[in-house]
file start-v3.pdb (PDB, N, CA and C atoms)
ATOM      1  N   GLY A   1      27.924 -17.991  -4.319
ATOM      2  CA  GLY A   1      29.093 -17.286  -3.892
ATOM      3  C   GLY A   1      29.936 -16.837  -5.078
ATOM      4  N   GLU A   2      31.068 -16.316  -4.761
ATOM      5  CA  GLU A   2      31.968 -15.831  -5.801
ATOM      6  C   GLU A   2      32.854 -16.965  -6.291
ATOM      7  N   VAL A   3      33.269 -16.847  -7.532
ATOM      8  CA  VAL A   3      34.127 -17.849  -8.153
ATOM      9  C   VAL A   3      35.491 -17.212  -8.361
ATOM     10  N   ASP A   4      36.537 -17.858  -7.853
ATOM     11  CA  ASP A   4      37.900 -17.387  -8.086
ATOM     12  C   ASP A   4      38.812 -18.602  -8.269
ATOM     13  N   ALA A   5      40.117 -18.400  -8.313
ATOM     14  CA  ALA A   5      41.059 -19.480  -8.579
ATOM     15  C   ALA A   5      41.043 -20.559  -7.492
ATOM     16  N   ASP A   6      40.642 -20.230  -6.290
ATOM     17  CA  ASP A   6      40.585 -21.199  -5.200
ATOM     18  C   ASP A   6      39.259 -21.943  -5.137
ATOM     19  N   SER A   7      38.361 -21.654  -6.050
ATOM     20  CA  SER A   7      37.022 -22.227  -6.043
ATOM     21  C   SER A   7      37.023 -23.650  -6.599
ATOM     22  N   ASP A   8      36.005 -24.392  -6.247
ATOM     23  CA  ASP A   8      35.806 -25.723  -6.812
ATOM     24  C   ASP A   8      34.983 -25.674  -8.092
ATOM     25  N   ASP A   9      34.527 -24.510  -8.474
ATOM     26  CA  ASP A   9      33.663 -24.358  -9.642
ATOM     27  C   ASP A   9      34.508 -24.131 -10.903
ATOM     28  N   TRP A  10      35.245 -25.153 -11.307
ATOM     29  CA  TRP A  10      36.141 -25.008 -12.462
ATOM     30  C   TRP A  10      35.381 -24.929 -13.779
ATOM     31  N   ALA A  11      34.161 -25.423 -13.827
ATOM     32  CA  ALA A  11      33.381 -25.324 -15.066
ATOM     33  C   ALA A  11      33.142 -23.860 -15.428
ATOM     34  N   MET A  12      32.830 -23.052 -14.425
ATOM     35  CA  MET A  12      32.599 -21.626 -14.667
ATOM     36  C   MET A  12      33.894 -20.946 -15.103
ATOM     37  N   ILE A  13      34.996 -21.321 -14.466
ATOM     38  CA  ILE A  13      36.281 -20.728 -14.817
ATOM     39  C   ILE A  13      36.653 -21.083 -16.258
ATOM     40  N   CYS A  14      36.432 -22.335 -16.666
ATOM     41  CA  CYS A  14      36.723 -22.762 -18.040
ATOM     42  C   CYS A  14      35.816 -22.046 -19.041
ATOM     43  N   LEU A  15      34.545 -21.877 -18.680
ATOM     44  CA  LEU A  15      33.610 -21.184 -19.565
ATOM     45  C   LEU A  15      34.054 -19.737 -19.795
ATOM     46  N   ILE A  16      34.415 -19.049 -18.742
ATOM     47  CA  ILE A  16      34.855 -17.661 -18.849
ATOM     48  C   ILE A  16      36.159 -17.582 -19.646
ATOM     49  N   SER A  17      37.061 -18.515 -19.408
ATOM     50  CA  SER A  17      38.326 -18.525 -20.136
ATOM     51  C   SER A  17      38.093 -18.753 -21.628
ATOM     52  N   THR A  18      37.216 -19.682 -21.961
ATOM     53  CA  THR A  18      36.893 -19.951 -23.369
ATOM     54  C   THR A  18      36.237 -18.742 -24.009
ATOM     55  N   LEU A  19      35.295 -18.135 -23.324
ATOM     56  CA  LEU A  19      34.627 -16.942 -23.839
ATOM     57  C   LEU A  19      35.628 -15.812 -24.064
ATOM     58  N   ASN A  20      36.553 -15.658 -23.150
ATOM     59  CA  ASN A  20      37.575 -14.627 -23.283
ATOM     60  C   ASN A  20      38.467 -14.899 -24.492
ATOM     61  N   GLY A  21      38.866 -16.144 -24.685
ATOM     62  CA  GLY A  21      39.693 -16.500 -25.835
ATOM     63  C   GLY A  21      38.985 -16.255 -27.159
ATOM     64  N   ILE A  22      37.715 -16.624 -27.231
ATOM     65  CA  ILE A  22      36.939 -16.427 -28.458
ATOM     66  C   ILE A  22      36.795 -14.942 -28.767
ATOM     67  N   THR A  23      36.474 -14.144 -27.767
ATOM     68  CA  THR A  23      36.303 -12.711 -28.030
ATOM     69  C   THR A  23      37.636 -12.042 -28.381
ATOM     70  N   ASN A  24      38.739 -12.549 -27.849
ATOM     71  CA  ASN A  24      40.038 -12.011 -28.251
ATOM     72  C   ASN A  24      40.311 -12.281 -29.729
ATOM     73  N   TRP A  25      40.000 -13.483 -30.196
ATOM     74  CA  TRP A  25      40.182 -13.799 -31.617
ATOM     75  C   TRP A  25      39.267 -12.965 -32.497
ATOM     76  N   ILE A  26      38.020 -12.806 -32.080
ATOM     77  CA  ILE A  26      37.088 -11.972 -32.843
ATOM     78  C   ILE A  26      37.628 -10.549 -32.934
ATOM     79  N   PHE A  27      38.145 -10.040 -31.832
ATOM     80  CA  PHE A  27      38.683  -8.683 -31.797
ATOM     81  C   PHE A  27      39.838  -8.530 -32.784
ATOM     82  N   VAL A  28      40.769  -9.463 -32.763
ATOM     83  CA  VAL A  28      41.929  -9.391 -33.670
ATOM     84  C   VAL A  28      41.487  -9.498 -35.120
ATOM     85  N   LEU A  29      40.613 -10.444 -35.426
ATOM     86  CA  LEU A  29      40.151 -10.615 -36.808
ATOM     87  C   LEU A  29      39.388  -9.392 -37.313
ATOM     88  N   MET A  30      38.562  -8.819 -36.456
ATOM     89  CA  MET A  30      37.807  -7.636 -36.861
ATOM     90  C   MET A  30      38.732  -6.434 -37.076
ATOM     91  N   LEU A  31      39.770  -6.301 -36.255
ATOM     92  CA  LEU A  31      40.728  -5.207 -36.448
ATOM     93  C   LEU A  31      41.464  -5.373 -37.776
ATOM     94  N   ILE A  32      41.900  -6.587 -38.077
ATOM     95  CA  ILE A  32      42.581  -6.837 -39.349
ATOM     96  C   ILE A  32      41.654  -6.531 -40.512
ATOM     97  N   LEU A  33      40.417  -6.995 -40.440
ATOM     98  CA  LEU A  33      39.447  -6.742 -41.505
ATOM     99  C   LEU A  33      39.179  -5.248 -41.665
ATOM    100  N   ALA A  34      39.057  -4.530 -40.559
ATOM    101  CA  ALA A  34      38.796  -3.091 -40.629
ATOM    102  C   ALA A  34      39.965  -2.356 -41.288
ATOM    103  N   VAL A  35      41.193  -2.730 -40.946
ATOM    104  CA  VAL A  35      42.359  -2.088 -41.559
ATOM    105  C   VAL A  35      42.396  -2.375 -43.052
ATOM    106  N   LEU A  36      42.128  -3.617 -43.442
ATOM    107  CA  LEU A  36      42.100  -3.960 -44.869
ATOM    108  C   LEU A  36      41.016  -3.170 -45.610
ATOM    109  N   LEU A  37      39.845  -3.069 -45.006
ATOM    110  CA  LEU A  37      38.769  -2.308 -45.643
ATOM    111  C   LEU A  37      39.137  -0.837 -45.796
ATOM    112  N   ILE A  38      39.799  -0.273 -44.800
ATOM    113  CA  ILE A  38      40.181   1.137 -44.889
ATOM    114  C   ILE A  38      41.228   1.334 -45.984
ATOM    115  N   VAL A  39      42.190   0.422 -46.106
ATOM    116  CA  VAL A  39      43.199   0.525 -47.163
ATOM    117  C   VAL A  39      42.551   0.395 -48.540
ATOM    118  N   ILE A  40      41.670  -0.578 -48.697
ATOM    119  CA  ILE A  40      40.969  -0.767 -49.974
ATOM    120  C   ILE A  40      40.103   0.448 -50.283
ATOM    121  N   ALA A  41      39.407   0.952 -49.283
ATOM    122  CA  ALA A  41      38.547   2.120 -49.480
ATOM    123  C   ALA A  41      39.357   3.334 -49.885
ATOM    124  N   GLY A  42      40.507   3.528 -49.254
ATOM    125  CA  GLY A  42      41.366   4.654 -49.622
ATOM    126  C   GLY A  42      41.843   4.549 -51.062
ATOM    127  N   ALA A  43      42.229   3.347 -51.478
ATOM    128  CA  ALA A  43      42.654   3.143 -52.862
ATOM    129  C   ALA A  43      41.503   3.386 -53.830
ATOM    130  N   MET A  44      40.321   2.915 -53.474
ATOM    131  CA  MET A  44      39.155   3.123 -54.338
ATOM    132  C   MET A  44      38.814   4.608 -54.436
ATOM    133  N   TYR A  45      38.868   5.283 -53.307
ATOM    134  CA  TYR A  45      38.511   6.702 -53.274
ATOM    135  C   TYR A  45      39.506   7.530 -54.086
ATOM    136  N   MET A  46      40.805   7.211 -53.923
ATOM    137  CA  MET A  46      41.836   7.980 -54.638
ATOM    138  C   MET A  46      41.843   7.689 -56.132
ATOM    139  N   SER A  47      41.460   6.465 -56.515
ATOM    140  CA  SER A  47      41.476   6.121 -57.941
ATOM    141  C   SER A  47      40.128   6.362 -58.614
ATOM    142  N   ALA A  48      39.193   6.977 -57.895
ATOM    143  CA  ALA A  48      37.854   7.199 -58.457
ATOM    144  C   ALA A  48      37.886   8.181 -59.619
ATOM    145  N   GLY A  49      38.787   9.108 -59.588
ATOM    146  CA  GLY A  49      38.893  10.063 -60.690
ATOM    147  C   GLY A  49      37.636  10.902 -60.877
ATOM    148  N   GLY A  50      36.929  11.176 -59.817
ATOM    149  CA  GLY A  50      35.731  12.009 -59.903
ATOM    150  C   GLY A  50      34.465  11.240 -60.195
ATOM    151  N   ASP A  51      34.562   9.927 -60.384
ATOM    152  CA  ASP A  51      33.377   9.098 -60.640
ATOM    153  C   ASP A  51      32.575   8.975 -59.343
ATOM    154  N   PRO A  52      31.350   9.508 -59.319
ATOM    155  CA  PRO A  52      30.564   9.507 -58.075
ATOM    156  C   PRO A  52      30.276   8.101 -57.538
ATOM    157  N   LYS A  53      30.076   7.127 -58.437
ATOM    158  CA  LYS A  53      29.787   5.770 -57.974
ATOM    159  C   LYS A  53      30.979   5.177 -57.221
ATOM    160  N   ARG A  54      32.162   5.348 -57.774
ATOM    161  CA  ARG A  54      33.356   4.787 -57.130
ATOM    162  C   ARG A  54      33.701   5.543 -55.856
ATOM    163  N   THR A  55      33.475   6.845 -55.850
ATOM    164  CA  THR A  55      33.694   7.635 -54.638
ATOM    165  C   THR A  55      32.751   7.171 -53.529
ATOM    166  N   GLU A  56      31.494   6.969 -53.885
ATOM    167  CA  GLU A  56      30.503   6.508 -52.911
ATOM    168  C   GLU A  56      30.855   5.114 -52.404
ATOM    169  N   LYS A  57      31.331   4.255 -53.285
ATOM    170  CA  LYS A  57      31.725   2.900 -52.885
ATOM    171  C   LYS A  57      32.887   2.956 -51.885
ATOM    172  N   GLY A  58      33.847   3.837 -52.117
ATOM    173  CA  GLY A  58      34.958   4.007 -51.182
ATOM    174  C   GLY A  58      34.482   4.504 -49.827
ATOM    175  N   LYS A  59      33.556   5.447 -49.839
ATOM    176  CA  LYS A  59      32.997   5.954 -48.582
ATOM    177  C   LYS A  59      32.243   4.856 -47.831
ATOM    178  N   ASN A  60      31.505   4.033 -48.564
ATOM    179  CA  ASN A  60      30.769   2.935 -47.928
ATOM    180  C   ASN A  60      31.722   1.929 -47.282
ATOM    181  N   PHE A  61      32.839   1.647 -47.935
ATOM    182  CA  PHE A  61      33.814   0.732 -47.355
ATOM    183  C   PHE A  61      34.339   1.293 -46.032
ATOM    184  N   ILE A  62      34.603   2.581 -45.995
ATOM    185  CA  ILE A  62      35.072   3.202 -44.749
ATOM    186  C   ILE A  62      33.985   3.102 -43.673
ATOM    187  N   TYR A  63      32.750   3.320 -44.062
ATOM    188  CA  TYR A  63      31.624   3.199 -43.141
ATOM    189  C   TYR A  63      31.547   1.781 -42.567
ATOM    190  N   PHE A  64      31.688   0.763 -43.434
ATOM    191  CA  PHE A  64      31.636  -0.619 -42.969
ATOM    192  C   PHE A  64      32.822  -0.948 -42.067
ATOM    193  N   ALA A  65      33.971  -0.359 -42.340
ATOM    194  CA  ALA A  65      35.142  -0.574 -41.492
ATOM    195  C   ALA A  65      34.897  -0.006 -40.101
ATOM    196  N   ILE A  66      34.262   1.146 -40.021
ATOM    197  CA  ILE A  66      33.949   1.744 -38.714
ATOM    198  C   ILE A  66      32.952   0.876 -37.963
ATOM    199  N   ILE A  67      31.961   0.341 -38.673
ATOM    200  CA  ILE A  67      31.003  -0.574 -38.041
ATOM    201  C   ILE A  67      31.731  -1.806 -37.514
ATOM    202  N   GLY A  68      32.673  -2.326 -38.276
ATOM    203  CA  GLY A  68      33.464  -3.471 -37.843
ATOM    204  C   GLY A  68      34.260  -3.176 -36.590
ATOM    205  N   LEU A  69      34.838  -1.981 -36.526
ATOM    206  CA  LEU A  69      35.590  -1.595 -35.328
ATOM    207  C   LEU A  69      34.678  -1.499 -34.103
ATOM    208  N   VAL A  70      33.486  -0.968 -34.288
ATOM    209  CA  VAL A  70      32.527  -0.877 -33.176
ATOM    210  C   VAL A  70      32.140  -2.274 -32.697
ATOM    211  N   ILE A  71      31.894  -3.192 -33.636
ATOM    212  CA  ILE A  71      31.557  -4.567 -33.262
ATOM    213  C   ILE A  71      32.719  -5.219 -32.524
ATOM    214  N   ALA A  72      33.939  -4.965 -32.994
ATOM    215  CA  ALA A  72      35.121  -5.528 -32.333
ATOM    216  C   ALA A  72      35.252  -5.000 -30.905
ATOM    217  N   LEU A  73      34.999  -3.724 -30.712
ATOM    218  CA  LEU A  73      35.074  -3.156 -29.365
ATOM    219  C   LEU A  73      33.983  -3.713 -28.455
ATOM    220  N   ILE A  74      32.799  -3.919 -29.011
ATOM    221  CA  ILE A  74      31.713  -4.521 -28.222
ATOM    222  C   ILE A  74      32.093  -5.940 -27.817
ATOM    223  N   ALA A  75      32.669  -6.693 -28.753
ATOM    224  CA  ALA A  75      33.088  -8.063 -28.446
ATOM    225  C   ALA A  75      34.155  -8.072 -27.358
ATOM    226  N   ARG A  76      34.973  -7.056 -27.336
ATOM    227  CA  ARG A  76      36.045  -6.960 -26.342
ATOM    228  C   ARG A  76      35.487  -6.745 -24.940
ATOM    229  N   PHE A  77      34.311  -6.148 -24.824
ATOM    230  CA  PHE A  77      33.733  -5.863 -23.515
ATOM    231  C   PHE A  77      32.757  -6.929 -23.029
ATOM    232  N   ILE A  78      32.526  -7.974 -23.799
ATOM    233  CA  ILE A  78      31.598  -9.031 -23.375
ATOM    234  C   ILE A  78      32.113  -9.794 -22.153
ATOM    235  N   PRO A  79      33.368 -10.284 -22.151
ATOM    236  CA  PRO A  79      33.820 -11.061 -20.981
ATOM    237  C   PRO A  79      33.751 -10.316 -19.652
ATOM    238  N   PRO A  80      34.166  -9.042 -19.566
ATOM    239  CA  PRO A  80      34.031  -8.367 -18.265
ATOM    240  C   PRO A  80      32.577  -8.238 -17.801
ATOM    241  N   VAL A  81      31.661  -8.040 -18.734
ATOM    242  CA  VAL A  81      30.247  -7.927 -18.374
ATOM    243  C   VAL A  81      29.726  -9.262 -17.857
ATOM    244  N   VAL A  82      30.091 -10.352 -18.554
ATOM    245  CA  VAL A  82      29.660 -11.674 -18.118
ATOM    246  C   VAL A  82      30.248 -11.997 -16.751
ATOM    247  N   ARG A  83      31.538 -11.708 -16.553
ATOM    248  CA  ARG A  83      32.164 -11.949 -15.252
ATOM    249  C   ARG A  83      31.461 -11.162 -14.152
ATOM    250  N   PHE A  84      31.087  -9.931 -14.443
ATOM    251  CA  PHE A  84      30.404  -9.098 -13.451
ATOM    252  C   PHE A  84      29.072  -9.723 -13.047
ATOM    253  N   PHE A  85      28.274 -10.135 -14.054
ATOM    254  CA  PHE A  85      26.941 -10.688 -13.743
ATOM    255  C   PHE A  85      27.018 -12.058 -13.091
ATOM    256  N   LEU A  86      28.091 -12.817 -13.373
ATOM    257  CA  LEU A  86      28.205 -14.143 -12.770
ATOM    258  C   LEU A  86      28.960 -14.132 -11.452
ATOM    259  N   GLY A  87      29.485 -12.980 -11.073
ATOM    260  CA  GLY A  87      30.186 -12.873  -9.811
ATOM    261  C   GLY A  87      31.573 -13.475  -9.829
ATOM    262  N   VAL A  88      32.201 -13.510 -11.003
ATOM    263  CA  VAL A  88      33.548 -14.068 -11.130
ATOM    264  C   VAL A  88      34.552 -12.942 -10.934
ATOM    265  N   LYS A  89      35.576 -13.218 -10.117
ATOM    266  CA  LYS A  89      36.614 -12.203  -9.862
ATOM    267  C   LYS A  89      37.496 -12.040 -11.063
TER     268      LYS A  89
END

call {"tool": "encode", "arguments": {"input": "start-v3.pdb", "output": "structure tokens"}}
result
Amino acid sequence: GEVDADSDDWAMICLISTLNGITNWIFVLMLILAVLLIVIAGAMYMSAGGDPKRTEKGKNFIYFAIIGLVIALIARFIPPVVRFFLGVK
């Protein structure tokens, strides 16, 4: 059956709550890391002075920051997917 606040299946409710808390922390940490990488990348890119290696390094940092944001967004959507498959309201 379905699991909701009136259910006796508190183990499932605790599991979903814990999973939600963990993914929220991952989301916040990944957002902070992505912002830091973008700031560092911008500084590297602007201070490159035409040096192709440093310019490329700045671009790579921006690329990694975008990958981090995508991972953070994926982590944000894990709890609703799990709730859907487990039948939790």

call {"tool": "atom_distance", "arguments": {"input": "start-v3.pdb", "atom1": "CA of Leu29 (chain A)", "atom2": "CA of Phe84 (chain A)"}}
result
25.4 Å

call {"tool": "closest_residue", "arguments": {"input": "start-v3.pdb", "among": "A:Trp10, A:Ala72, A:Val88, A:Val81", "to": "Phe27 (chain A)", "atoms": "only N, CA and C atoms"}}
result
A:Ala72

call {"tool": "atom_distance", "arguments": {"input": "start-v3.pdb", "atom1": "atom N of Ile38 (chain A)", "atom2": "atom N of Ile62 (chain A)"}}
result
6.0 Å

call {"tool": "residues_around", "arguments": {"input": "start-v3.pdb", "residues": "Ala75 (chain A)", "least_positions_apart": "2", "cutoff": "8 Å", "atoms": "all atoms listed in the file", "output": "PyMOL selection string"}}
result
chain A and resi 22-24+26-27+69-73+77-80

call {"tool": "closest_residue", "arguments": {"input": "start-v3.pdb", "among": "A:Ala41, A:Leu33, A:Val28, A:Cys14", "to": "Gly68 (chain A)", "atoms": "only C-alpha atoms"}}
result
A:Leu33

call {"tool": "closest_residue", "arguments": {"input": "start-v3.pdb", "among": "A:Ile74, A:Lys59, A:Phe64, A:Met12", "to": "Gly42 (chain A)", "atoms": "only N, CA and C atoms"}}
result
A:Lys59

call {"tool": "atom_distance", "arguments": {"input": "start-v3.pdb", "atom1": "CA of Asn20 (chain A)", "atom2": "CA of Gly87 (chain A)"}}
result
15.5 Å

call {"tool": "resolve_selection", "arguments": {"input": "start-v3.pdb", "expression": "the PyMOL selection byres (((chain A and resi 58 and name CA) around 12) and name CA)", "output": "tab-separated table (two decimals) with N, CA and C atoms, in the coordinates of the input"}}
result
chain	number	residue	atom	x	y	z
A	37	LEU	N	39.84	-3.07	-45.01
A	37	LEU	CA	38.77	-2.31	-45.64
A	37	LEU	C	39.14	-0.84	-45.80
A	38	ILE	N	39.80	-0.27	-44.80
A	38	ILE	CA	40.18	1.14	-44.89
A	38	ILE	C	41.23	1.33	-45.98
A	39	VAL	N	42.19	0.42	-46.11
A	39	VAL	CA	43.20	0.52	-47.16
A	39	VAL	C	42.55	0.40	-48.54
A	40	ILE	N	41.67	-0.58	-48.70
A	40	ILE	CA	40.97	-0.77	-49.97
A	40	ILE	C	40.10	0.45	-50.28
A	41	ALA	N	39.41	0.95	-49.28
A	41	ALA	CA	38.55	2.12	-49.48
A	41	ALA	C	39.36	3.33	-49.88
A	42	GLY	N	40.51	3.53	-49.25
A	42	GLY	CA	41.37	4.65	-49.62
A	42	GLY	C	41.84	4.55	-51.06
A	43	ALA	N	42.23	3.35	-51.48
A	43	ALA	CA	42.65	3.14	-52.86
A	43	ALA	C	41.50	3.39	-53.83
A	44	MET	N	40.32	2.92	-53.47
A	44	MET	CA	39.16	3.12	-54.34
A	44	MET	C	38.81	4.61	-54.44
A	45	TYR	N	38.87	5.28	-53.31
A	45	TYR	CA	38.51	6.70	-53.27
A	45	TYR	C	39.51	7.53	-54.09
A	46	MET	N	40.80	7.21	-53.92
A	46	MET	CA	41.84	7.98	-54.64
A	46	MET	C	41.84	7.69	-56.13
A	47	SER	N	41.46	6.46	-56.52
A	47	SER	CA	41.48	6.12	-57.94
A	47	SER	C	40.13	6.36	-58.61
A	48	ALA	N	39.19	6.98	-57.90
A	48	ALA	CA	37.85	7.20	-58.46
A	48	ALA	C	37.89	8.18	-59.62
A	49	GLY	N	38.79	9.11	-59.59
A	49	GLY	CA	38.89	10.06	-60.69
A	49	GLY	C	37.64	10.90	-60.88
A	50	GLY	N	36.93	11.18	-59.82
A	50	GLY	CA	35.73	12.01	-59.90
A	50	GLY	C	34.47	11.24	-60.20
A	51	ASP	N	34.56	9.93	-60.38
A	51	ASP	CA	33.38	9.10	-60.64
A	51	ASP	C	32.58	8.98	-59.34
A	52	PRO	N	31.35	9.51	-59.32
A	52	PRO	CA	30.56	9.51	-58.08
A	52	PRO	C	30.28	8.10	-57.54
A	53	LYS	N	30.08	7.13	-58.44
A	53	LYS	CA	29.79	5.77	-57.97
A	53	LYS	C	30.98	5.18	-57.22
A	54	ARG	N	32.16	5.35	-57.77
A	54	ARG	CA	33.36	4.79	-57.13
A	54	ARG	C	33.70	5.54	-55.86
A	55	THR	N	33.48	6.84	-55.85
A	55	THR	CA	33.69	7.64	-54.64
A	55	THR	C	32.75	7.17	-53.53
A	56	GLU	N	31.49	6.97	-53.88
A	56	GLU	CA	30.50	6.51	-52.91
A	56	GLU	C	30.86	5.11	-52.40
A	57	LYS	N	31.33	4.26	-53.28
A	57	LYS	CA	31.72	2.90	-52.88
A	57	LYS	C	32.89	2.96	-51.88
A	59	LYS	N	33.56	5.45	-49.84
A	59	LYS	CA	33.00	5.95	-48.58
A	59	LYS	C	32.24	4.86	-47.83
A	60	ASN	N	31.50	4.03	-48.56
A	60	ASN	CA	30.77	2.94	-47.93
A	60	ASN	C	31.72	1.93	-47.28
A	61	PHE	N	32.84	1.65	-47.94
A	61	PHE	CA	33.81	0.73	-47.36
A	61	PHE	C	34.34	1.29	-46.03
A	62	ILE	N	34.60	2.58	-46.00
A	62	ILE	CA	35.07	3.20	-44.75
A	62	ILE	C	33.98	3.10	-43.67
A	63	TYR	N	32.75	3.32	-44.06
A	63	TYR	CA	31.62	3.20	-43.14
A	63	TYR	C	31.55	1.78	-42.57
A	64	PHE	N	31.69	0.76	-43.43
A	64	PHE	CA	31.64	-0.62	-42.97
A	64	PHE	C	32.82	-0.95	-42.07
A	65	ALA	N	33.97	-0.36	-42.34
A	65	ALA	CA	35.14	-0.57	-41.49
A	65	ALA	C	34.90	-0.01	-40.10

call {"tool": "closest_residue", "arguments": {"input": "start-v3.pdb", "among": "A:Leu19, A:Arg83, A:Ile67, A:Ile13", "to": "Ala34 (chain A)", "atoms": "only C-alpha atoms"}}
result
A:Ile67

call {"tool": "select_by_dssp", "arguments": {"input": "start-v3.pdb", "residues": "chain A", "states": "alpha helix (DSSP H)", "output": "NGL selection string"}}
result
:A and (10-46 or 52-76 or 78-86)

call {"tool": "axis_aligned_box", "arguments": {"input": "start-v3.pdb", "around": "region 79-88 of chain A", "padding_each_side": "4 Å", "output": "AutoDock Vina command-line options"}}
result
--center_x 30.7 --center_y -11.0 --center_z -16.0 --size_x 15.6 --size_y 14.2 --size_z 20.3
